[in-house]
>>> print(open('input-v8.tsv').read())   # TSV, C-alpha atoms
chain	number	residue	atom	x	y	z
G	5	MET	CA	222.28	153.55	-62.18
G	6	ASN	CA	219.88	151.51	-60.09
G	7	THR	CA	220.07	147.75	-59.57
G	8	GLU	CA	217.12	147.05	-61.82
G	9	ASN	CA	218.77	148.77	-64.79
G	10	LEU	CA	222.13	147.09	-64.10
G	11	LEU	CA	220.46	143.68	-64.09
G	12	LYS	CA	218.52	144.54	-67.23
G	13	LEU	CA	221.76	145.46	-68.98
G	14	GLN	CA	223.31	142.21	-67.89
G	15	ALA	CA	220.31	140.23	-69.12
G	16	TYR	CA	220.58	142.09	-72.43
G	17	LEU	CA	224.22	141.03	-72.80
G	18	ASP	CA	223.37	137.47	-71.81
G	19	ASP	CA	220.67	137.37	-74.47
G	20	GLU	CA	218.00	136.72	-71.88
G	21	LEU	CA	215.54	139.48	-72.79
G	22	MET	CA	212.45	139.17	-74.94
G	23	ALA	CA	212.72	140.85	-78.35
G	24	GLU	CA	210.71	143.93	-77.36
G	25	GLU	CA	212.66	144.46	-74.13
G	26	ALA	CA	215.95	143.96	-75.94
G	27	ARG	CA	214.97	146.69	-78.43
G	28	GLN	CA	214.19	149.06	-75.58
G	29	VAL	CA	217.54	148.40	-73.89
G	30	SER	CA	219.34	148.80	-77.19
G	31	ALA	CA	217.73	152.22	-77.69
G	32	TRP	CA	218.53	153.21	-74.11
G	33	LEU	CA	222.16	152.11	-74.53
G	34	ALA	CA	222.58	154.20	-77.67
G	35	ASN	CA	221.76	157.37	-75.71
G	36	ASP	CA	223.25	156.73	-72.28
G	37	PRO	CA	227.06	156.94	-71.90
G	38	GLU	CA	226.93	155.53	-68.34
G	39	ALA	CA	225.03	152.49	-69.54
G	40	GLN	CA	227.55	152.09	-72.34
G	41	THR	CA	230.43	152.04	-69.83
G	42	VAL	CA	228.72	149.48	-67.61
G	43	CYS	CA	227.87	147.42	-70.67
G	44	ARG	CA	231.49	147.45	-71.84
G	45	HIS	CA	232.72	146.35	-68.43
G	46	LEU	CA	230.20	143.53	-68.28
G	47	ARG	CA	231.10	142.44	-71.78
G	48	ASP	CA	234.81	142.39	-70.87
G	49	THR	CA	234.10	140.31	-67.78
G	50	LYS	CA	232.09	137.87	-69.84
G	51	ALA	CA	234.88	137.67	-72.38
G	52	TRP	CA	237.45	136.62	-69.75
G	53	PHE	CA	235.57	133.45	-69.13
G	54	ALA	CA	235.09	132.40	-72.71
G	55	GLY	CA	237.30	129.36	-73.16
G	56	ASN	CA	239.31	130.21	-70.09
G	57	GLU	CA	238.31	127.53	-67.65
G	58	LEU	CA	241.42	126.07	-66.10
G	59	PRO	CA	241.80	122.56	-67.51
G	60	VAL	CA	242.12	120.22	-64.56
G	61	LYS	CA	242.69	116.51	-64.70
G	62	VAL	CA	241.62	113.72	-62.41
G	63	PRO	CA	244.47	113.27	-59.92
G	64	GLU	CA	244.24	109.47	-60.19
G	65	SER	CA	245.28	106.97	-62.82
G	66	ARG	CA	242.68	105.77	-65.29
G	67	GLU	CA	242.71	102.26	-63.85
G	68	PHE	CA	242.42	103.30	-60.23
G	69	TYR	CA	239.66	105.82	-60.97
G	70	TRP	CA	237.70	103.24	-62.98
G	71	SER	CA	238.22	100.45	-60.46
G	72	LYS	CA	236.33	102.38	-57.78
G	73	ILE	CA	233.44	103.05	-60.17
G	74	GLU	CA	233.35	99.42	-61.27
G	75	ARG	CA	233.36	98.16	-57.68
G	76	GLU	CA	230.52	100.45	-56.69
G	77	ILE	CA	228.45	99.43	-59.71
G	78	ALA	CA	229.01	95.75	-58.87
G	79	ARG	CA	228.13	96.31	-55.21
G	80	LEU	CA	224.89	98.09	-56.10
G	81	GLU	CA	223.94	95.43	-58.62
G	82	VAL	CA	224.44	92.66	-56.07
G	83	ALA	CA	222.37	94.63	-53.57
G	84	SER	CA	219.64	95.16	-56.14
G	85	ASP	CA	219.65	91.43	-57.06
G	86	ARG	CA	219.04	90.59	-53.44
G	87	GLN	CA	216.06	92.83	-53.28
G	88	PRO	CA	212.76	91.20	-54.25
G	89	SER	CA	211.21	92.21	-57.55
G	90	PRO	CA	208.33	94.70	-57.52
G	91	VAL	CA	205.86	91.84	-58.11
G	92	ALA	CA	207.34	89.90	-55.22
G	93	ARG	CA	207.19	93.02	-53.03
G	94	TRP	CA	203.50	93.40	-53.95
G	95	TRP	CA	202.81	89.79	-52.97
G	96	MET	CA	204.73	90.27	-49.74
G	97	ARG	CA	202.61	93.27	-48.90
G	98	LEU	CA	199.53	91.13	-49.46
G	99	ALA	CA	201.01	88.14	-47.66
G	100	VAL	CA	201.34	89.85	-44.28
G	101	PRO	CA	197.61	90.54	-43.74
G	102	LEU	CA	196.75	87.17	-45.31
G	103	ALA	CA	199.05	85.42	-42.87
G	104	GLY	CA	197.37	87.25	-40.01
G	105	VAL	CA	193.95	86.14	-41.16
G	106	ALA	CA	195.21	82.56	-41.59
G	107	VAL	CA	196.56	82.49	-38.04
G	108	LEU	CA	193.24	83.77	-36.74
G	109	VAL	CA	191.30	81.13	-38.68
G	110	PHE	CA	193.67	78.44	-37.47
G	111	LEU	CA	193.18	79.49	-33.88
G	112	LEU	CA	189.42	79.47	-34.24
G	113	LEU	CA	189.29	76.08	-35.92
G	114	PHE	CA	191.91	74.12	-34.05
G	115	ALA	CA	192.45	75.87	-30.78
G	116	VAL	CA	189.12	77.26	-29.66
G	117	LYS	CA	186.78	74.64	-31.17
G	118	PRO	CA	188.47	71.50	-29.77
G	119	PHE	CA	188.64	73.26	-26.43
G	120	SER	CA	184.92	73.73	-26.47
G	121	ARG	CA	184.33	70.21	-27.76
G	122	SER	CA	186.63	68.57	-25.28
G	123	GLY	CA	183.84	68.27	-22.83
G	124	ALA	CA	185.96	69.25	-19.89
G	125	LEU	CA	184.46	72.66	-19.63
G	126	ALA	CA	181.43	72.12	-21.79
G	127	GLY	CA	179.21	72.29	-18.81
G	128	TYR	CA	180.72	75.55	-17.75
G	129	PHE	CA	180.03	77.07	-21.11
G	130	HIS	CA	176.59	75.62	-21.58
G	131	GLU	CA	175.05	75.03	-18.18
G	132	ILE	CA	176.09	75.61	-14.68
G	133	ASP	CA	174.18	73.72	-12.08
G	134	THR	CA	175.27	74.77	-8.65
G	135	PRO	CA	173.02	73.64	-5.86
G	136	LEU	CA	173.67	75.42	-2.66
G	137	GLU	CA	172.28	73.35	0.15
G	138	GLU	CA	171.87	76.10	2.63
G	139	ALA	CA	170.36	78.56	0.25
G	140	ASN	CA	168.74	76.07	-2.08
G	141	ALA	CA	169.99	78.09	-5.03
G	142	ILE	CA	170.46	76.80	-8.52
G	143	SER	CA	172.08	78.76	-11.28
G	144	PHE	CA	171.78	78.12	-14.95
G	145	HIS	CA	173.98	79.58	-17.63
G	146	SER	CA	173.32	79.26	-21.35
G	147	GLN	CA	176.20	80.09	-23.65
G	148	ALA	CA	173.93	79.90	-26.68
G	149	ALA	CA	171.37	82.31	-25.27
G	150	GLY	CA	174.03	84.39	-23.55
G	151	MET	CA	172.24	84.46	-20.23
G	152	THR	CA	172.56	83.25	-16.67
G	153	VAL	CA	169.62	82.46	-14.47
G	154	VAL	CA	169.97	81.99	-10.73
G	155	TRP	CA	167.05	80.40	-9.00
G	156	ILE	CA	167.05	80.69	-5.25
G	157	ASP	CA	164.74	78.64	-3.17
G	158	SER	CA	164.14	80.29	0.14
G	159	GLY	CA	163.80	76.81	1.69
G	160	SER	CA	160.34	77.41	3.00
G	161	ASN	CA	159.11	74.13	1.40
F	118	MET	CA	233.94	104.20	-81.99
F	119	ASP	CA	232.06	107.42	-81.22
F	120	ASP	CA	230.20	108.23	-78.01
F	121	GLU	CA	226.82	107.27	-79.45
F	122	ALA	CA	228.00	103.80	-80.36
F	123	LEU	CA	229.61	103.38	-76.95
F	124	VAL	CA	226.41	104.47	-75.24
F	125	ARG	CA	224.40	101.97	-77.30
F	126	ALA	CA	226.81	99.20	-76.34
F	127	ALA	CA	226.80	100.24	-72.70
F	128	LYS	CA	223.01	100.24	-72.68
F	129	LYS	CA	223.18	96.58	-73.68
F	130	GLY	CA	225.24	95.97	-70.57
F	131	ARG	CA	228.73	96.14	-72.04
F	132	MET	CA	230.86	97.44	-69.21
F	133	ASP	CA	233.93	97.85	-71.44
F	134	ALA	CA	232.03	100.41	-73.53
F	135	PHE	CA	231.08	102.31	-70.41
F	136	GLU	CA	234.67	102.21	-69.20
F	137	GLU	CA	235.74	103.80	-72.45
F	138	LEU	CA	233.18	106.59	-71.96
F	139	VAL	CA	234.56	107.17	-68.48
F	140	ALA	CA	238.10	107.29	-69.80
F	141	ARG	CA	237.13	109.83	-72.47
F	142	HIS	CA	235.17	112.22	-70.30
F	143	ARG	CA	236.41	111.73	-66.77
F	144	ASP	CA	238.51	114.92	-66.81
F	145	LYS	CA	235.58	117.06	-67.96
F	146	VAL	CA	233.26	115.60	-65.30
F	147	TYR	CA	235.93	115.94	-62.62
F	148	ALA	CA	236.70	119.51	-63.70
F	149	ARG	CA	233.07	120.51	-63.27
F	150	ALA	CA	232.92	118.92	-59.83
F	151	TYR	CA	236.17	120.62	-58.88
F	152	SER	CA	235.04	124.03	-60.12
F	153	MET	CA	232.02	123.78	-57.87
F	154	MET	CA	233.47	122.07	-54.80
F	155	ARG	CA	237.03	123.50	-54.85
F	156	ASN	CA	238.24	120.34	-53.17
F	157	GLU	CA	240.09	117.54	-54.94
F	158	ASP	CA	238.86	114.64	-52.82
F	159	GLU	CA	235.25	115.71	-52.93
F	160	ALA	CA	235.48	116.33	-56.65
F	161	VAL	CA	236.91	112.84	-57.25
F	162	ASP	CA	234.23	111.20	-55.08
F	163	LEU	CA	231.36	113.14	-56.62
F	164	SER	CA	232.57	112.61	-60.16
F	165	GLN	CA	232.79	108.86	-59.52
F	166	GLU	CA	229.34	108.90	-57.98
F	167	ALA	CA	228.11	110.66	-61.13
F	168	TRP	CA	229.52	107.85	-63.28
F	169	VAL	CA	227.85	105.22	-61.12
F	170	LYS	CA	224.53	107.06	-61.40
F	171	GLY	CA	225.16	107.47	-65.11
F	172	TRP	CA	225.45	103.69	-65.48
F	173	GLN	CA	222.29	103.11	-63.46
F	174	ARG	CA	220.30	105.68	-65.46
F	175	LEU	CA	221.80	104.96	-68.84
F	176	LYS	CA	218.51	103.63	-70.17
F	177	GLN	CA	216.95	107.03	-69.48
F	178	PHE	CA	219.49	108.76	-71.72
F	179	GLN	CA	217.66	109.37	-74.97
F	180	GLY	CA	220.32	111.44	-76.68
F	181	GLU	CA	218.55	114.83	-76.59
F	182	ALA	CA	221.89	116.33	-75.56
F	183	SER	CA	225.35	114.85	-76.00
F	184	PHE	CA	226.41	112.14	-73.59
F	185	VAL	CA	229.05	114.39	-72.03
F	186	THR	CA	226.46	117.13	-71.43
F	187	TRP	CA	224.15	114.58	-69.85
F	188	ILE	CA	226.76	113.14	-67.51
F	189	THR	CA	227.97	116.66	-66.64
F	190	ARG	CA	224.43	117.60	-65.61
F	191	ILE	CA	224.42	114.61	-63.27
F	192	VAL	CA	227.63	115.68	-61.57
F	193	ILE	CA	226.35	119.28	-61.28
F	194	ASN	CA	223.23	118.05	-59.49
F	195	LEU	CA	225.29	115.88	-57.16
F	196	CYS	CA	227.57	118.81	-56.33
F	197	LEU	CA	224.60	121.08	-55.65
F	198	ASP	CA	223.09	118.45	-53.35
F	199	GLN	CA	226.38	118.05	-51.55
F	200	LEU	CA	226.84	121.80	-51.15
F	201	ARG	CA	223.33	122.10	-49.75
F	202	LYS	CA	224.06	119.29	-47.32
F	203	GLN	CA	227.21	120.99	-46.15
F	204	LYS	CA	225.22	124.11	-45.45
F	205	ARG	CA	227.78	126.19	-47.18
F	206	VAL	CA	225.01	128.63	-47.74
F	207	ARG	CA	225.94	129.94	-44.28
F	208	ALA	CA	222.46	131.25	-43.55
F	209	GLU	CA	222.37	134.01	-46.12
F	210	SER	CA	225.72	135.71	-45.80
F	211	ILE	CA	226.24	139.42	-45.37
F	212	GLU	CA	227.37	139.54	-48.98
F	213	GLN	CA	224.02	138.25	-50.10
F	214	LEU	CA	222.20	140.67	-47.87
F	215	ASP	CA	224.05	143.57	-49.48
F	216	GLU	CA	223.23	142.18	-52.83
F	217	GLU	CA	219.53	141.87	-52.11
F	218	LEU	CA	219.34	145.33	-50.61
F	219	GLY	CA	220.62	146.70	-53.86
F	220	GLY	CA	224.06	147.36	-52.47
F	221	VAL	CA	225.84	145.83	-55.42
F	222	GLU	CA	226.72	149.02	-57.20
F	223	ARG	CA	227.55	150.85	-53.99
F	224	GLN	CA	229.73	148.13	-52.51
F	225	MET	CA	231.55	147.18	-55.66
F	226	PRO	CA	233.15	149.97	-57.60
F	227	ILE	CA	233.31	149.62	-61.33
F	228	VAL	CA	236.65	148.07	-62.13
F	229	ASN	CA	238.79	149.37	-64.91
F	230	PRO	CA	238.22	146.96	-67.77
F	231	ASN	CA	240.78	144.47	-68.95
F	232	PRO	CA	242.79	143.92	-65.79
F	233	THR	CA	243.89	140.78	-67.50
F	234	GLU	CA	245.14	142.24	-70.73
F	235	LYS	CA	248.58	141.12	-71.92
F	236	LEU	CA	248.38	138.04	-69.72
F	237	GLU	CA	249.31	134.71	-71.17
F	238	ARG	CA	246.35	132.41	-71.60
F	239	VAL	CA	247.63	129.90	-69.06
F	240	GLU	CA	248.21	132.62	-66.50
F	241	LEU	CA	244.82	134.15	-67.15
F	242	ARG	CA	243.18	130.78	-66.61
F	243	GLN	CA	245.05	130.32	-63.34
F	244	ARG	CA	244.02	133.77	-62.15
F	245	ILE	CA	240.42	133.20	-63.06
F	246	ASP	CA	240.52	129.91	-61.20
F	247	ARG	CA	242.05	131.50	-58.11
F	248	ALA	CA	239.51	134.31	-58.16
F	249	LEU	CA	236.68	131.82	-58.53
F	250	GLY	CA	237.98	130.10	-55.42
F	251	GLN	CA	237.46	133.31	-53.48
F	252	LEU	CA	233.80	133.62	-54.33
F	253	SER	CA	231.06	132.28	-52.11
F	254	TYR	CA	229.54	128.98	-53.18
F	255	GLU	CA	226.38	130.66	-54.52
F	256	HIS	CA	228.23	133.21	-56.63
F	257	ARG	CA	230.78	130.74	-57.94
F	258	THR	CA	228.12	128.20	-58.86
F	259	VAL	CA	226.02	130.73	-60.73
F	260	LEU	CA	229.07	131.94	-62.63
F	261	VAL	CA	230.31	128.44	-63.45
F	262	LEU	CA	226.88	127.29	-64.63
F	263	HIS	CA	226.37	130.38	-66.75
F	264	GLU	CA	229.83	130.99	-68.18
F	265	PHE	CA	231.23	127.49	-68.46
F	266	GLU	CA	228.12	125.35	-68.78
F	267	GLU	CA	226.24	128.04	-70.71
F	268	LEU	CA	223.00	127.40	-68.87
F	269	GLU	CA	220.19	129.93	-69.13
F	270	TYR	CA	218.99	131.90	-66.08
F	271	LYS	CA	215.84	129.77	-65.92
F	272	GLU	CA	217.80	126.53	-65.88
F	273	ILE	CA	220.23	127.80	-63.23
F	274	ALA	CA	217.33	128.95	-61.05
F	275	LYS	CA	215.76	125.51	-61.30
F	276	ARG	CA	218.92	123.70	-60.37
F	277	MET	CA	219.83	126.06	-57.53
F	278	GLU	CA	216.25	126.16	-56.29
F	279	CYS	CA	216.02	129.94	-56.30
F	280	SER	CA	214.29	132.65	-58.33
F	281	ILE	CA	215.51	134.00	-61.67
F	282	GLY	CA	215.89	137.39	-59.98
F	283	THR	CA	218.28	135.86	-57.45
F	284	VAL	CA	220.26	134.24	-60.25
F	285	MET	CA	220.56	137.60	-62.04
F	286	SER	CA	221.59	139.38	-58.90
F	287	ARG	CA	224.14	136.70	-57.93
F	288	LEU	CA	225.56	136.65	-61.42
F	289	PHE	CA	225.98	140.40	-61.46
F	290	TYR	CA	227.62	140.40	-58.07
F	291	ALA	CA	229.90	137.51	-59.02
F	292	ARG	CA	231.05	139.26	-62.19
F	293	ARG	CA	231.74	142.47	-60.35
F	294	LYS	CA	233.66	140.62	-57.67
F	295	MET	CA	235.64	138.66	-60.24
F	296	ALA	CA	236.57	141.89	-61.97
F	297	ALA	CA	237.71	143.37	-58.67
F	298	LEU	CA	239.66	140.24	-57.72
F	299	LEU	CA	241.38	140.00	-61.06
F	300	ALA	CA	242.28	143.68	-60.92
F	301	GLY	CA	243.54	143.17	-57.37
F	302	LEU	CA	245.68	140.27	-58.42
F	303	LYS	CA	247.23	142.36	-61.09
F	304	ARG	CA	248.00	145.24	-58.74
F	305	GLU	CA	249.55	142.76	-56.33
F	306	GLU	CA	251.85	141.52	-59.01
F	307	LEU	CA	252.86	145.01	-60.07
F	308	ARG	CA	254.07	145.93	-56.59
>>> encode(input="input-v8.tsv", output="structure tokens")
Amino acid sequence: MNTENLLKLQAYLDDELMAEEARQVSAWLANDPEAQTVCRHLRDTKAWFAGNELPVKVPESREFYWSKIEREIARLEVASDRQPSPVARWWMRLAVPLAGVAVLVFLLLFAVKPFSRSGALAGYFHEIDTPLEEANAISFHSQAAGMTVVWIDSGSN
Amino acid sequence: MDDEALVRAAKKGRMDAFEELVARHRDKVYARAYSMMRNEDEAVDLSQEAWVKGWQRLKQFQGEASFVTWITRIVINLCLDQLRKQKRVRAESIEQLDEELGGVERQMPIVNPNPTEKLERVELRQRIDRALGQLSYEHRTVLVLHEFEELEYKEIAKRMECSIGTVMSRLFYARRKMAALLAGLKREELR
């Protein structure tokens, strides 16, 4: 008997076939002594197991067994209490980029602006007037216009 | 108080009710873990882990099956995860290769039925247990889930992450091997 038929017989005994297939196997069984033998063996094997699982007991006392479960539950609950709630986690996710933006705004308002207003380097940023006696050159830089002009007098005057 | 009432109380956060459920069903849950793992320590740890998960997921238990069936399914899943982690699959053993090549009927002669006849029930149970211990993890698991947990092929396939055909083939092989082992045990004793 091939594997396919053996497995079909087994499925028949395990009540795993569709009605039509089960009818076909039943008819086949009625006329095939080899299939009947295999079927009987499979049925016997199945029967050994019915209600014959070895009853085993937990090798620990009730109290000791429970105490470990209780401790673990308590530990996990404490850990879960420490974790922020989903709403808080959502806010935290939002807070990180917001904090970044806030830092950037702060830097622009209070670090860069006073620096430019301080006057110490205002000239550098807005106008550079550098007369070079030998070359009679004057340069002009405009921060607002984003340009630098260098005027060089050849000194022919 | 019956299980349903205890579950209702436990769902409200009453730990004493849950403790009572553990006390009632701890042997059954442990036995299932033991039948799959064949190791006392692992079975104790996994059964306790199942109870902890049971407590955490208690609100999800809607009572479609009995509480003991529900908690047993949790321990089965934990055992399957653990067995996968331990790689007990041993990269598709030679046994499995034979099985898939259709070698089942050639490798395993048909055993004379009833090698266990006239055995006392306790002795029969012990022999079945010993024989189960000699099966590979895949064959033992399929047999345990089908014969003891009465799961259908489809359900076993889902839990073991394999095809129904593989379940059928493993089950057939496991039964044949059990028959041979039980017959062998008997012959041993008769010597």
>>> closest_atom_pairs(input="input-v8.tsv", of="chain G", to="chain F", cutoff="9 Å", atoms="all atoms listed in the file", output="CSV")
residue,atom,partner,partner_atom,distance
G:Met5,CA,F:Glu222,CA,8.1
G:Asn6,CA,F:Glu222,CA,7.8
G:Thr7,CA,F:Gly219,CA,5.8
G:Glu8,CA,F:Gly219,CA,8.7
G:Leu10,CA,F:Phe289,CA,8.2
G:Leu11,CA,F:Met285,CA,6.4
G:Lys12,CA,F:Met285,CA,8.9
G:Gln14,CA,F:Phe289,CA,7.2
G:Ala15,CA,F:Met285,CA,7.6
G:Asp18,CA,F:Glu269,CA,8.6
G:Glu20,CA,F:Tyr270,CA,7.6
G:Val42,CA,F:Ile227,CA,7.8
G:Arg44,CA,F:Pro230,CA,7.9
G:His45,CA,F:Pro230,CA,5.6
G:Leu46,CA,F:Arg292,CA,7.5
G:Asp48,CA,F:Pro230,CA,6.5
G:Thr49,CA,F:Arg292,CA,6.5
G:Lys50,CA,F:Glu264,CA,7.4
G:Trp52,CA,F:Thr233,CA,8.0
G:Phe53,CA,F:Glu264,CA,6.3
G:Ala54,CA,F:Glu264,CA,7.1
G:Gly55,CA,F:Phe265,CA,7.9
G:Asn56,CA,F:Arg242,CA,5.2
G:Glu57,CA,F:Arg242,CA,5.9
G:Leu58,CA,F:Arg242,CA,5.1
G:Pro59,CA,F:Ala148,CA,7.1
G:Val60,CA,F:Ala148,CA,5.5
G:Lys61,CA,F:Asp144,CA,4.9
G:Val62,CA,F:Asp144,CA,5.5
G:Pro63,CA,F:Glu157,CA,7.9
G:Glu64,CA,F:Val161,CA,8.6
G:Arg66,CA,F:Ala140,CA,6.6
G:Tyr69,CA,F:Gln165,CA,7.7
G:Trp70,CA,F:Glu136,CA,7.0
G:Lys72,CA,F:Gln165,CA,7.6
G:Ile73,CA,F:Gln165,CA,5.9
G:Glu74,CA,F:Val169,CA,8.0
G:Glu76,CA,F:Val169,CA,7.0
G:Ile77,CA,F:Val169,CA,6.0
>>> atom_distance(input="input-v8.tsv", atom1="CA of Gln203 in chain F", atom2="CA of Ala248 in chain F")
21.7 Å
>>> atom_distance(input="input-v8.tsv", atom1="CA of Ala103 in chain G", atom2="CA of Ser89 in chain G")
20.2 Å
>>> atom_distance(input="input-v8.tsv", atom1="CA of Ser253 in chain F", atom2="CA of Ala291 in chain F")
8.7 Å
>>> build_atoms(input="input-v8.tsv", residues="range 260-288 of chain F", atoms="N, CA and C atoms", output="PDB file, in the coordinates of the input")
ATOM      1  N   LEU F 260     228.122 131.539 -61.581  1.00  0.00           N
ATOM      2  CA  LEU F 260     229.070 131.940 -62.630  1.00  0.00           C
ATOM      3  C   LEU F 260     229.528 130.726 -63.454  1.00  0.00           C
ATOM      4  N   VAL F 261     229.853 129.655 -62.765  1.00  0.00           N
ATOM      5  CA  VAL F 261     230.310 128.440 -63.450  1.00  0.00           C
ATOM      6  C   VAL F 261     229.201 127.905 -64.369  1.00  0.00           C
ATOM      7  N   LEU F 262     227.983 127.846 -63.829  1.00  0.00           N
ATOM      8  CA  LEU F 262     226.880 127.290 -64.630  1.00  0.00           C
ATOM      9  C   LEU F 262     226.557 128.182 -65.825  1.00  0.00           C
ATOM     10  N   HIS F 263     226.695 129.488 -65.644  1.00  0.00           N
ATOM     11  CA  HIS F 263     226.370 130.380 -66.750  1.00  0.00           C
ATOM     12  C   HIS F 263     227.506 130.497 -67.754  1.00  0.00           C
ATOM     13  N   GLU F 264     228.709 130.720 -67.264  1.00  0.00           N
ATOM     14  CA  GLU F 264     229.830 130.990 -68.180  1.00  0.00           C
ATOM     15  C   GLU F 264     230.449 129.723 -68.758  1.00  0.00           C
ATOM     16  N   PHE F 265     230.572 128.699 -67.963  1.00  0.00           N
ATOM     17  CA  PHE F 265     231.230 127.490 -68.460  1.00  0.00           C
ATOM     18  C   PHE F 265     230.248 126.460 -68.995  1.00  0.00           C
ATOM     19  N   GLU F 266     229.114 126.333 -68.306  1.00  0.00           N
ATOM     20  CA  GLU F 266     228.120 125.350 -68.780  1.00  0.00           C
ATOM     21  C   GLU F 266     227.100 125.964 -69.730  1.00  0.00           C
ATOM     22  N   GLU F 267     227.132 127.291 -69.815  1.00  0.00           N
ATOM     23  CA  GLU F 267     226.240 128.040 -70.710  1.00  0.00           C
ATOM     24  C   GLU F 267     224.757 127.732 -70.466  1.00  0.00           C
ATOM     25  N   LEU F 268     224.410 127.617 -69.210  1.00  0.00           N
ATOM     26  CA  LEU F 268     223.000 127.400 -68.870  1.00  0.00           C
ATOM     27  C   LEU F 268     222.273 128.748 -68.830  1.00  0.00           C
ATOM     28  N   GLU F 269     220.996 128.715 -69.192  1.00  0.00           N
ATOM     29  CA  GLU F 269     220.190 129.930 -69.130  1.00  0.00           C
ATOM     30  C   GLU F 269     219.795 130.232 -67.680  1.00  0.00           C
ATOM     31  N   TYR F 270     219.397 131.494 -67.444  1.00  0.00           N
ATOM     32  CA  TYR F 270     218.990 131.900 -66.080  1.00  0.00           C
ATOM     33  C   TYR F 270     217.954 130.920 -65.513  1.00  0.00           C
ATOM     34  N   LYS F 271     216.959 130.612 -66.369  1.00  0.00           N
ATOM     35  CA  LYS F 271     215.840 129.770 -65.920  1.00  0.00           C
ATOM     36  C   LYS F 271     216.339 128.404 -65.431  1.00  0.00           C
ATOM     37  N   GLU F 272     217.261 127.845 -66.196  1.00  0.00           N
ATOM     38  CA  GLU F 272     217.800 126.530 -65.880  1.00  0.00           C
ATOM     39  C   GLU F 272     218.629 126.578 -64.579  1.00  0.00           C
ATOM     40  N   ILE F 273     219.409 127.646 -64.441  1.00  0.00           N
ATOM     41  CA  ILE F 273     220.230 127.800 -63.230  1.00  0.00           C
ATOM     42  C   ILE F 273     219.325 127.926 -62.001  1.00  0.00           C
ATOM     43  N   ALA F 274     218.267 128.738 -62.158  1.00  0.00           N
ATOM     44  CA  ALA F 274     217.330 128.950 -61.050  1.00  0.00           C
ATOM     45  C   ALA F 274     216.722 127.627 -60.607  1.00  0.00           C
ATOM     46  N   LYS F 275     216.367 126.804 -61.592  1.00  0.00           N
ATOM     47  CA  LYS F 275     215.760 125.510 -61.300  1.00  0.00           C
ATOM     48  C   LYS F 275     216.724 124.619 -60.518  1.00  0.00           C
ATOM     49  N   ARG F 276     217.940 124.576 -61.020  1.00  0.00           N
ATOM     50  CA  ARG F 276     218.920 123.700 -60.370  1.00  0.00           C
ATOM     51  C   ARG F 276     219.320 124.187 -58.980  1.00  0.00           C
ATOM     52  N   MET F 277     219.404 125.517 -58.833  1.00  0.00           N
ATOM     53  CA  MET F 277     219.830 126.060 -57.530  1.00  0.00           C
ATOM     54  C   MET F 277     218.657 126.309 -56.602  1.00  0.00           C
ATOM     55  N   GLU F 278     217.470 125.996 -57.086  1.00  0.00           N
ATOM     56  CA  GLU F 278     216.250 126.160 -56.290  1.00  0.00           C
ATOM     57  C   GLU F 278     216.110 127.583 -55.764  1.00  0.00           C
ATOM     58  N   CYS F 279     216.228 128.533 -56.673  1.00  0.00           N
ATOM     59  CA  CYS F 279     216.020 129.940 -56.300  1.00  0.00           C
ATOM     60  C   CYS F 279     215.312 130.648 -57.448  1.00  0.00           C
ATOM     61  N   SER F 280     215.018 131.931 -57.278  1.00  0.00           N
ATOM     62  CA  SER F 280     214.290 132.650 -58.330  1.00  0.00           C
ATOM     63  C   SER F 280     215.250 133.124 -59.430  1.00  0.00           C
ATOM     64  N   ILE F 281     214.685 133.465 -60.578  1.00  0.00           N
ATOM     65  CA  ILE F 281     215.510 134.000 -61.670  1.00  0.00           C
ATOM     66  C   ILE F 281     216.128 135.332 -61.240  1.00  0.00           C
ATOM     67  N   GLY F 282     215.368 136.107 -60.470  1.00  0.00           N
ATOM     68  CA  GLY F 282     215.890 137.390 -59.980  1.00  0.00           C
ATOM     69  C   GLY F 282     217.134 137.179 -59.125  1.00  0.00           C
ATOM     70  N   THR F 283     217.107 136.155 -58.296  1.00  0.00           N
ATOM     71  CA  THR F 283     218.280 135.860 -57.450  1.00  0.00           C
ATOM     72  C   THR F 283     219.464 135.448 -58.315  1.00  0.00           C
ATOM     73  N   VAL F 284     219.184 134.659 -59.347  1.00  0.00           N
ATOM     74  CA  VAL F 284     220.260 134.240 -60.250  1.00  0.00           C
ATOM     75  C   VAL F 284     220.894 135.479 -60.891  1.00  0.00           C
ATOM     76  N   MET F 285     220.054 136.395 -61.368  1.00  0.00           N
ATOM     77  CA  MET F 285     220.560 137.600 -62.040  1.00  0.00           C
ATOM     78  C   MET F 285     221.411 138.428 -61.085  1.00  0.00           C
ATOM     79  N   SER F 286     220.894 138.569 -59.884  1.00  0.00           N
ATOM     80  CA  SER F 286     221.590 139.380 -58.900  1.00  0.00           C
ATOM     81  C   SER F 286     222.927 138.730 -58.490  1.00  0.00           C
ATOM     82  N   ARG F 287     222.895 137.407 -58.294  1.00  0.00           N
ATOM     83  CA  ARG F 287     224.140 136.700 -57.930  1.00  0.00           C
ATOM     84  C   ARG F 287     225.159 136.757 -59.059  1.00  0.00           C
ATOM     85  N   LEU F 288     224.664 136.630 -60.263  1.00  0.00           N
ATOM     86  CA  LEU F 288     225.560 136.650 -61.420  1.00  0.00           C
ATOM     87  C   LEU F 288     226.229 138.009 -61.549  1.00  0.00           C
TER      88      LEU F 288
END
